[in-house]
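Below is target.tsv, which holds TSV, N, CA and C atoms.
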```tsv
chain	number	residue	atom	x	y	z
A	1	GLN	N	193.93	71.53	-65.18
A	1	GLN	CA	194.12	70.33	-65.99
A	1	GLN	C	193.73	70.64	-67.42
A	2	VAL	N	194.55	70.22	-68.35
A	2	VAL	CA	194.31	70.48	-69.77
A	2	VAL	C	193.49	69.34	-70.37
A	3	GLN	N	192.46	69.72	-71.09
A	3	GLN	CA	191.65	68.73	-71.80
A	3	GLN	C	191.36	69.23	-73.21
A	4	LEU	N	191.43	68.32	-74.17
A	4	LEU	CA	191.08	68.62	-75.55
A	4	LEU	C	189.94	67.68	-75.94
A	5	VAL	N	188.88	68.23	-76.47
A	5	VAL	CA	187.72	67.44	-76.84
A	5	VAL	C	187.35	67.72	-78.29
A	6	GLU	N	187.47	66.69	-79.13
A	6	GLU	CA	187.11	66.82	-80.54
A	6	GLU	C	185.64	66.50	-80.75
A	7	SER	N	185.09	67.09	-81.78
A	7	SER	CA	183.71	66.80	-82.18
A	7	SER	C	183.57	67.10	-83.66
A	8	GLY	N	182.48	66.63	-84.25
A	8	GLY	CA	182.18	66.95	-85.64
A	8	GLY	C	182.43	65.82	-86.63
A	9	GLY	N	182.99	64.72	-86.16
A	9	GLY	CA	183.21	63.61	-87.06
A	9	GLY	C	181.90	62.94	-87.44
A	10	GLY	N	181.98	62.01	-88.38
A	10	GLY	CA	180.78	61.30	-88.81
A	10	GLY	C	181.00	60.59	-90.12
A	11	LEU	N	179.88	60.17	-90.71
A	11	LEU	CA	179.89	59.47	-91.99
A	11	LEU	C	179.43	60.44	-93.08
A	12	VAL	N	180.20	60.50	-94.15
A	12	VAL	CA	179.87	61.41	-95.24
A	12	VAL	C	180.22	60.73	-96.55
A	13	GLN	N	179.49	61.09	-97.59
A	13	GLN	CA	179.78	60.54	-98.90
A	13	GLN	C	180.97	61.26	-99.52
A	14	ALA	N	181.63	60.58	-100.42
A	14	ALA	CA	182.76	61.20	-101.13
A	14	ALA	C	182.30	62.49	-101.81
A	15	GLY	N	183.14	63.51	-101.71
A	15	GLY	CA	182.79	64.82	-102.23
A	15	GLY	C	182.15	65.73	-101.23
A	16	GLY	N	181.78	65.18	-100.09
A	16	GLY	CA	181.12	65.95	-99.04
A	16	GLY	C	182.10	66.70	-98.16
A	17	SER	N	181.55	67.35	-97.14
A	17	SER	CA	182.34	68.18	-96.23
A	17	SER	C	182.00	67.86	-94.78
A	18	LEU	N	182.96	68.11	-93.93
A	18	LEU	CA	182.77	68.04	-92.48
A	18	LEU	C	183.60	69.14	-91.84
A	19	ARG	N	183.16	69.57	-90.67
A	19	ARG	CA	183.92	70.55	-89.90
A	19	ARG	C	184.18	69.97	-88.52
A	20	LEU	N	185.43	69.75	-88.21
A	20	LEU	CA	185.82	69.25	-86.90
A	20	LEU	C	186.12	70.42	-85.97
A	21	SER	N	185.82	70.22	-84.70
A	21	SER	CA	186.14	71.21	-83.68
A	21	SER	C	186.96	70.56	-82.58
A	22	CYS	N	187.82	71.35	-81.97
A	22	CYS	CA	188.64	70.89	-80.84
A	22	CYS	C	188.55	71.96	-79.76
A	23	ALA	N	187.81	71.66	-78.72
A	23	ALA	CA	187.66	72.59	-77.61
A	23	ALA	C	188.72	72.31	-76.56
A	24	VAL	N	189.41	73.35	-76.15
A	24	VAL	CA	190.53	73.21	-75.21
A	24	VAL	C	190.18	73.86	-73.88
A	25	SER	N	190.31	73.12	-72.81
A	25	SER	CA	190.14	73.68	-71.48
A	25	SER	C	191.50	73.83	-70.83
A	26	GLY	N	191.63	74.79	-69.94
A	26	GLY	CA	192.94	75.07	-69.37
A	26	GLY	C	193.52	76.30	-70.01
A	27	THR	N	194.52	76.86	-69.39
A	27	THR	CA	195.03	78.17	-69.81
A	27	THR	C	196.25	78.04	-70.73
A	28	ILE	N	196.15	77.22	-71.76
A	28	ILE	CA	197.32	77.05	-72.63
A	28	ILE	C	197.00	77.27	-74.09
A	29	PHE	N	195.85	77.86	-74.38
A	29	PHE	CA	195.46	77.90	-75.79
A	29	PHE	C	196.33	78.83	-76.59
A	30	GLY	N	196.29	80.06	-76.28
A	30	GLY	CA	196.90	81.19	-76.97
A	30	GLY	C	198.02	80.96	-77.95
A	31	SER	N	199.26	81.00	-77.47
A	31	SER	CA	200.40	81.10	-78.36
A	31	SER	C	201.02	79.75	-78.72
A	32	ASN	N	200.39	78.69	-78.33
A	32	ASN	CA	200.99	77.38	-78.58
A	32	ASN	C	200.64	76.86	-79.97
A	33	ILE	N	201.41	75.88	-80.42
A	33	ILE	CA	201.17	75.26	-81.71
A	33	ILE	C	200.06	74.22	-81.56
A	34	MET	N	199.07	74.33	-82.42
A	34	MET	CA	197.98	73.36	-82.41
A	34	MET	C	197.93	72.66	-83.75
A	35	SER	N	197.49	71.43	-83.74
A	35	SER	CA	197.51	70.65	-84.96
A	35	SER	C	196.43	69.58	-84.97
A	36	TRP	N	196.12	69.14	-86.17
A	36	TRP	CA	195.23	68.00	-86.39
A	36	TRP	C	196.06	66.85	-86.98
A	37	HIS	N	195.78	65.67	-86.50
A	37	HIS	CA	196.43	64.46	-86.97
A	37	HIS	C	195.34	63.44	-87.27
A	38	ARG	N	195.67	62.45	-88.08
A	38	ARG	CA	194.71	61.39	-88.34
A	38	ARG	C	195.42	60.06	-88.40
A	39	GLN	N	194.65	59.01	-88.11
A	39	GLN	CA	195.17	57.66	-88.16
A	39	GLN	C	194.17	56.78	-88.86
A	40	ALA	N	194.57	56.27	-90.01
A	40	ALA	CA	193.73	55.34	-90.75
A	40	ALA	C	193.99	53.93	-90.23
A	41	PRO	N	193.06	53.02	-90.42
A	41	PRO	CA	193.24	51.64	-89.95
A	41	PRO	C	194.52	51.03	-90.51
A	42	GLY	N	195.33	50.48	-89.63
A	42	GLY	CA	196.55	49.82	-90.06
A	42	GLY	C	197.69	50.75	-90.43
A	43	LYS	N	197.50	52.05	-90.22
A	43	LYS	CA	198.54	53.01	-90.59
A	43	LYS	C	198.96	53.82	-89.38
A	44	GLN	N	200.11	54.48	-89.52
A	44	GLN	CA	200.60	55.33	-88.45
A	44	GLN	C	199.83	56.66	-88.44
A	45	ARG	N	199.81	57.27	-87.28
A	45	ARG	CA	199.20	58.59	-87.16
A	45	ARG	C	200.03	59.59	-87.96
A	46	GLU	N	199.35	60.47	-88.69
A	46	GLU	CA	200.06	61.43	-89.52
A	46	GLU	C	199.53	62.84	-89.29
A	47	LEU	N	200.40	63.81	-89.50
A	47	LEU	CA	200.02	65.21	-89.38
A	47	LEU	C	199.16	65.61	-90.57
A	48	VAL	N	198.06	66.28	-90.29
A	48	VAL	CA	197.18	66.78	-91.34
A	48	VAL	C	197.38	68.28	-91.53
A	49	ALA	N	197.34	69.04	-90.45
A	49	ALA	CA	197.48	70.49	-90.54
A	49	ALA	C	197.90	71.04	-89.19
A	50	ALA	N	198.59	72.18	-89.21
A	50	ALA	CA	199.04	72.81	-87.98
A	50	ALA	C	198.84	74.32	-88.08
A	51	ILE	N	198.67	74.94	-86.90
A	51	ILE	CA	198.53	76.39	-86.86
A	51	ILE	C	199.32	76.91	-85.66
A	52	GLY	N	200.13	77.93	-85.91
A	52	GLY	CA	200.96	78.48	-84.87
A	52	GLY	C	200.25	79.56	-84.07
A	53	GLY	N	200.94	80.03	-83.06
A	53	GLY	CA	200.36	81.06	-82.21
A	53	GLY	C	200.02	82.33	-82.96
A	54	GLY	N	200.82	82.64	-83.99
A	54	GLY	CA	200.58	83.83	-84.80
A	54	GLY	C	199.60	83.62	-85.93
A	55	GLY	N	199.13	82.40	-86.08
A	55	GLY	CA	198.14	82.10	-87.12
A	55	GLY	C	198.72	81.49	-88.38
A	56	GLY	N	200.03	81.34	-88.45
A	56	GLY	CA	200.61	80.69	-89.62
A	56	GLY	C	200.18	79.23	-89.70
A	57	THR	N	199.97	78.74	-90.92
A	57	THR	CA	199.45	77.38	-91.09
A	57	THR	C	200.36	76.53	-91.96
A	58	ASN	N	200.19	75.22	-91.80
A	58	ASN	CA	200.95	74.26	-92.58
A	58	ASN	C	200.06	73.06	-92.83
A	59	TYR	N	200.13	72.49	-94.03
A	59	TYR	CA	199.25	71.38	-94.39
A	59	TYR	C	200.04	70.24	-95.01
A	60	ALA	N	199.55	69.02	-94.78
A	60	ALA	CA	200.07	67.88	-95.51
A	60	ALA	C	199.70	68.02	-96.98
A	61	ASP	N	200.57	67.55	-97.85
A	61	ASP	CA	200.32	67.67	-99.29
A	61	ASP	C	198.97	67.05	-99.68
A	62	ALA	N	198.59	65.97	-99.01
A	62	ALA	CA	197.37	65.25	-99.38
A	62	ALA	C	196.10	66.06	-99.15
A	63	VAL	N	196.18	67.09	-98.32
A	63	VAL	CA	194.96	67.84	-97.98
A	63	VAL	C	195.01	69.29	-98.43
A	64	LYS	N	196.13	69.72	-98.99
A	64	LYS	CA	196.25	71.11	-99.43
A	64	LYS	C	195.16	71.45	-100.45
A	65	GLY	N	194.54	72.59	-100.25
A	65	GLY	CA	193.48	73.02	-101.15
A	65	GLY	C	192.12	72.47	-100.79
A	66	ARG	N	192.05	71.50	-99.89
A	66	ARG	CA	190.77	70.91	-99.49
A	66	ARG	C	190.43	71.17	-98.03
A	67	PHE	N	191.45	71.18	-97.18
A	67	PHE	CA	191.25	71.36	-95.74
A	67	PHE	C	191.74	72.74	-95.31
A	68	THR	N	191.08	73.31	-94.32
A	68	THR	CA	191.47	74.59	-93.76
A	68	THR	C	191.46	74.51	-92.24
A	69	ILE	N	192.60	74.82	-91.63
A	69	ILE	CA	192.71	74.85	-90.18
A	69	ILE	C	192.54	76.29	-89.71
A	70	SER	N	191.85	76.46	-88.59
A	70	SER	CA	191.66	77.80	-88.04
A	70	SER	C	191.45	77.67	-86.53
A	71	LYS	N	191.46	78.80	-85.86
A	71	LYS	CA	191.21	78.77	-84.43
A	71	LYS	C	190.54	80.06	-84.00
A	72	ASP	N	189.81	79.97	-82.91
A	72	ASP	CA	189.13	81.11	-82.31
A	72	ASP	C	189.66	81.23	-80.89
A	73	ASN	N	190.57	82.18	-80.69
A	73	ASN	CA	191.19	82.31	-79.37
A	73	ASN	C	190.18	82.67	-78.29
A	74	ALA	N	189.15	83.40	-78.67
A	74	ALA	CA	188.15	83.80	-77.68
A	74	ALA	C	187.35	82.60	-77.18
A	75	LYS	N	187.23	81.59	-78.03
A	75	LYS	CA	186.46	80.39	-77.66
A	75	LYS	C	187.35	79.22	-77.30
A	76	ASN	N	188.68	79.41	-77.33
A	76	ASN	CA	189.61	78.31	-77.05
A	76	ASN	C	189.27	77.09	-77.89
A	77	THR	N	189.01	77.32	-79.15
A	77	THR	CA	188.59	76.24	-80.03
A	77	THR	C	189.34	76.31	-81.35
A	78	MET	N	189.74	75.15	-81.82
A	78	MET	CA	190.39	75.02	-83.11
A	78	MET	C	189.45	74.24	-84.03
A	79	TYR	N	189.56	74.53	-85.32
A	79	TYR	CA	188.67	73.90	-86.29
A	79	TYR	C	189.46	73.29	-87.44
A	80	LEU	N	188.82	72.33	-88.09
A	80	LEU	CA	189.35	71.80	-89.34
A	80	LEU	C	188.17	71.66	-90.30
A	81	GLN	N	188.14	72.54	-91.29
A	81	GLN	CA	187.12	72.45	-92.33
A	81	GLN	C	187.64	71.54	-93.42
A	82	MET	N	186.90	70.48	-93.70
A	82	MET	CA	187.32	69.48	-94.66
A	82	MET	C	186.33	69.44	-95.81
A	83	ASN	N	186.79	69.77	-97.00
A	83	ASN	CA	185.95	69.77	-98.19
A	83	ASN	C	186.42	68.72	-99.19
A	84	ASN	N	185.54	68.36	-100.08
A	84	ASN	CA	185.86	67.40	-101.14
A	84	ASN	C	186.52	66.15	-100.56
A	85	LEU	N	185.88	65.59	-99.56
A	85	LEU	CA	186.42	64.42	-98.87
A	85	LEU	C	186.40	63.20	-99.77
A	86	GLY	N	187.40	62.36	-99.59
A	86	GLY	CA	187.48	61.10	-100.31
A	86	GLY	C	187.69	59.95	-99.34
A	87	PRO	N	187.51	58.72	-99.80
A	87	PRO	CA	187.70	57.55	-98.92
A	87	PRO	C	189.07	57.53	-98.25
A	88	GLU	N	190.06	58.11	-98.90
A	88	GLU	CA	191.41	58.13	-98.32
A	88	GLU	C	191.51	59.02	-97.10
A	89	ASP	N	190.50	59.83	-96.85
A	89	ASP	CA	190.47	60.70	-95.68
A	89	ASP	C	189.87	60.01	-94.45
A	90	THR	N	189.40	58.79	-94.63
A	90	THR	CA	188.82	58.04	-93.51
A	90	THR	C	189.85	57.77	-92.44
A	91	GLY	N	189.45	57.95	-91.19
A	91	GLY	CA	190.33	57.67	-90.07
A	91	GLY	C	189.84	58.35	-88.81
A	92	VAL	N	190.60	58.16	-87.76
A	92	VAL	CA	190.32	58.87	-86.52
A	92	VAL	C	191.16	60.14	-86.50
A	93	TYR	N	190.50	61.25	-86.27
A	93	TYR	CA	191.17	62.55	-86.27
A	93	TYR	C	191.38	63.02	-84.84
A	94	TYR	N	192.60	63.43	-84.56
A	94	TYR	CA	192.99	63.87	-83.23
A	94	TYR	C	193.48	65.31	-83.28
A	95	CYS	N	193.17	66.07	-82.25
A	95	CYS	CA	193.79	67.39	-82.13
A	95	CYS	C	194.88	67.32	-81.06
A	96	LYS	N	195.83	68.20	-81.22
A	96	LYS	CA	197.00	68.22	-80.35
A	96	LYS	C	197.41	69.65	-80.10
A	97	ILE	N	197.89	69.91	-78.89
A	97	ILE	CA	198.48	71.20	-78.58
A	97	ILE	C	199.87	70.96	-78.01
A	98	LEU	N	200.82	71.74	-78.48
A	98	LEU	CA	202.21	71.61	-78.05
A	98	LEU	C	202.61	72.91	-77.37
A	99	THR	N	202.96	72.81	-76.10
A	99	THR	CA	203.29	74.02	-75.36
A	99	THR	C	204.74	74.45	-75.60
A	100	ALA	N	205.09	75.63	-75.14
A	100	ALA	CA	206.45	76.13	-75.28
A	100	ALA	C	207.45	75.24	-74.53
A	101	ALA	N	206.97	74.55	-73.51
A	101	ALA	CA	207.82	73.61	-72.75
A	101	ALA	C	207.88	72.24	-73.42
A	102	MET	N	207.33	72.16	-74.64
A	102	MET	CA	207.35	70.92	-75.43
A	102	MET	C	206.53	69.81	-74.78
A	103	THR	N	205.51	70.19	-74.07
A	103	THR	CA	204.56	69.21	-73.54
A	103	THR	C	203.40	69.09	-74.52
A	104	ALA	N	203.05	67.88	-74.88
A	104	ALA	CA	201.98	67.64	-75.85
A	104	ALA	C	200.74	67.11	-75.15
A	105	TYR	N	199.62	67.66	-75.55
A	105	TYR	CA	198.33	67.18	-75.06
A	105	TYR	C	197.51	66.76	-76.28
A	106	TRP	N	196.80	65.63	-76.13
A	106	TRP	CA	196.00	65.08	-77.23
A	106	TRP	C	194.55	64.95	-76.82
A	107	GLY	N	193.68	65.06	-77.82
A	107	GLY	CA	192.28	64.75	-77.59
A	107	GLY	C	192.06	63.26	-77.74
A	108	GLN	N	190.81	62.85	-77.56
A	108	GLN	CA	190.48	61.42	-77.59
A	108	GLN	C	190.20	60.92	-79.00
A	109	GLY	N	190.04	61.84	-79.93
A	109	GLY	CA	189.82	61.46	-81.33
A	109	GLY	C	188.36	61.45	-81.72
A	110	THR	N	188.12	61.71	-83.00
A	110	THR	CA	186.76	61.64	-83.56
A	110	THR	C	186.85	60.91	-84.90
A	111	GLN	N	185.92	60.01	-85.12
A	111	GLN	CA	185.96	59.16	-86.31
A	111	GLN	C	185.37	59.90	-87.51
A	112	VAL	N	186.10	59.85	-88.61
A	112	VAL	CA	185.61	60.35	-89.89
A	112	VAL	C	185.60	59.18	-90.87
A	113	THR	N	184.45	58.93	-91.46
A	113	THR	CA	184.31	57.85	-92.44
A	113	THR	C	183.73	58.42	-93.71
A	114	VAL	N	184.45	58.21	-94.81
A	114	VAL	CA	184.01	58.71	-96.10
A	114	VAL	C	183.69	57.52	-97.00
A	115	SER	N	182.45	57.44	-97.43
A	115	SER	CA	182.02	56.33	-98.28
A	115	SER	C	182.16	56.73	-99.76
A	116	SER	N	182.50	55.74	-100.56
A	116	SER	CA	182.70	56.01	-102.00
A	116	SER	C	181.41	55.88	-102.77
```
Please lay out the structure from this file as structure tokens.
Amino acid sequence: QVQLVESGGGLVQAGGSLRLSCAVSGTIFGSNIMSWHRQAPGKQRELVAAIGGGGGTNYADAVKGRFTISKDNAKNTMYLQMNNLGPEDTGVYYCKILTAAMTAYWGQGTQVTVSS
């Protein structure tokens, strides 16, 4: 059974940093596409960053230069380093893995709140 568990969210002042983690159980970590998404109150869930099996990355324009996605295949864990956070980054952050069979698995989400 595949499970994704996010951690690392919290309350931080504007300009601060947080590091989110997504631990994946099950044998699907390796070559699949993994991504971080966020959902602000009253808004649709949006893609924040993605990382492919080969390590290639992609970022939303709003976070380029501030956020860094990475993964540790040995630990089956994906990370999102978030720097220079602003109130607009507030929301629930979810990790997702998309398998070659196009099956998507989501974590339960972790709250990030940035105070001004």
Checklist entry - Pick from A:Ala60, A:Val24, A:Leu85, A:Met78: nearest to Leu11 in chain A, with only C-alpha atoms counted? => result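 Using only C-alpha atoms, Leu11 in chain A sits closest to A:Leu85.
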Item to check | DSSP-assigned strand (DSSP E) members of range 36-100 of chain A, reported as a PyMOL selection string | outcome: chain A and resi 36-39+46-51+57-59+67-72+77-82+91-98
Checklist outcome for this item: Across A:Ala62, A:Val48, A:Leu18, A:Cys95, the smallest distance to Val5 in chain A, with all atoms listed in the file counted, is shown by A:Cys95
Item to check | Top pick for closest residue to Ser70 in chain A, considering A:Gly16, A:Gln1, A:Val112, A:Ala50 and counting only C-alpha atoms | outcome: A:Ala50
Next on the checklist: So that I can see what lies close to Phe67 in chain A, please list as a VMD selection string the residues with an atom at most 8 Å from it, counting only N, CA and C atoms and leaving out residues fewer than 3 positions away in the same chain.
Outcome noted: chain A and resid 49 59 62 to 64 70 80 to 84
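Residue nearest Gly8 in chain A within the list A:Asn58, A:Gly109, A:Gly26, A:Met34: A:Gly109 [criterion: smallest interatomic distance, only C-alpha atoms].
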Item to check | Protein and nucleic acid residues near (202.2, 79.5, -84.7) (cut-off 12 Å, only C-alpha atoms) as a PyMOL selection string | outcome: chain A and resi 29-35+49-58+69-71+97-100
Item to check | Long-range neighbours of Cys22 in chain A as number ranges by chain, 8 Å cut-off, only N, CA and C atoms, 3 positions minimum in chain | outcome: A: 3-8, 19, 25, 75-80, 94-96, 107
Item to check | Those of range 6-98 of chain A in DSSP helix (DSSP H, G or I), formatted as a PyMOL selection string | outcome: chain A and resi 61-63+87-89
Checklist entry - By how many Å are atom N of Gly9 in chain A and atom C of Met102 in chain A apart? => result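 Distance between the two atoms: 26.6 Å.
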Next on the checklist: Report, in Å to a single decimal, how far apart CA of Arg66 in chain A and atom N of Gly15 in chain A are.
Outcome noted: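 Interatomic distance, atom N of Gly15 in chain A to CA of Arg66 in chain A: 10.9 Å.
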Checklist entry - Can you list, as a PyMOL selection string, every protein, DNA or RNA residue that comes within 8 Å of Asp89 in chain A when you count all atoms listed in the file, leaving out same-chain residues fewer than 5 positions away? => result chain A and resi 38-40+112-114
Next on the checklist: Just the number, please: distance in Å from atom C of Pro41 in chain A to atom N of Trp106 in chain A, one decimal.
Outcome noted: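 We find that atom C of Pro41 in chain A and atom N of Trp106 in chain A lie 20.6 Å from each other.
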Checklist entry - Of the candidates A:Val92, A:Val12, A:Val2, A:Leu20, which shows the shortest atom-to-atom distance to Gln44 in chain A, using only C-alpha atoms? => result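 Closest to Gln44 in chain A, using only C-alpha atoms: A:Val92.
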Checklist entry - Which one of A:Gly10, A:Ser115, A:Lys43, A:Ser21 sits closest to Gly86 in chain A if you count all atoms listed in the file? => result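 Closest candidate: A:Ser115.
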Report the centre and edge lengths, in Å to one decimal, of an axis-aligned box enclosing every atom of range 67-82 of chain A listed in the file, padded by 6 Å on each side, as AutoDock Vina command-line options.
```
--center_x 189.5 --center_y 76.6 --center_z -87.1 --size_x 18.4 --size_y 26.4 --size_z 32.1
```
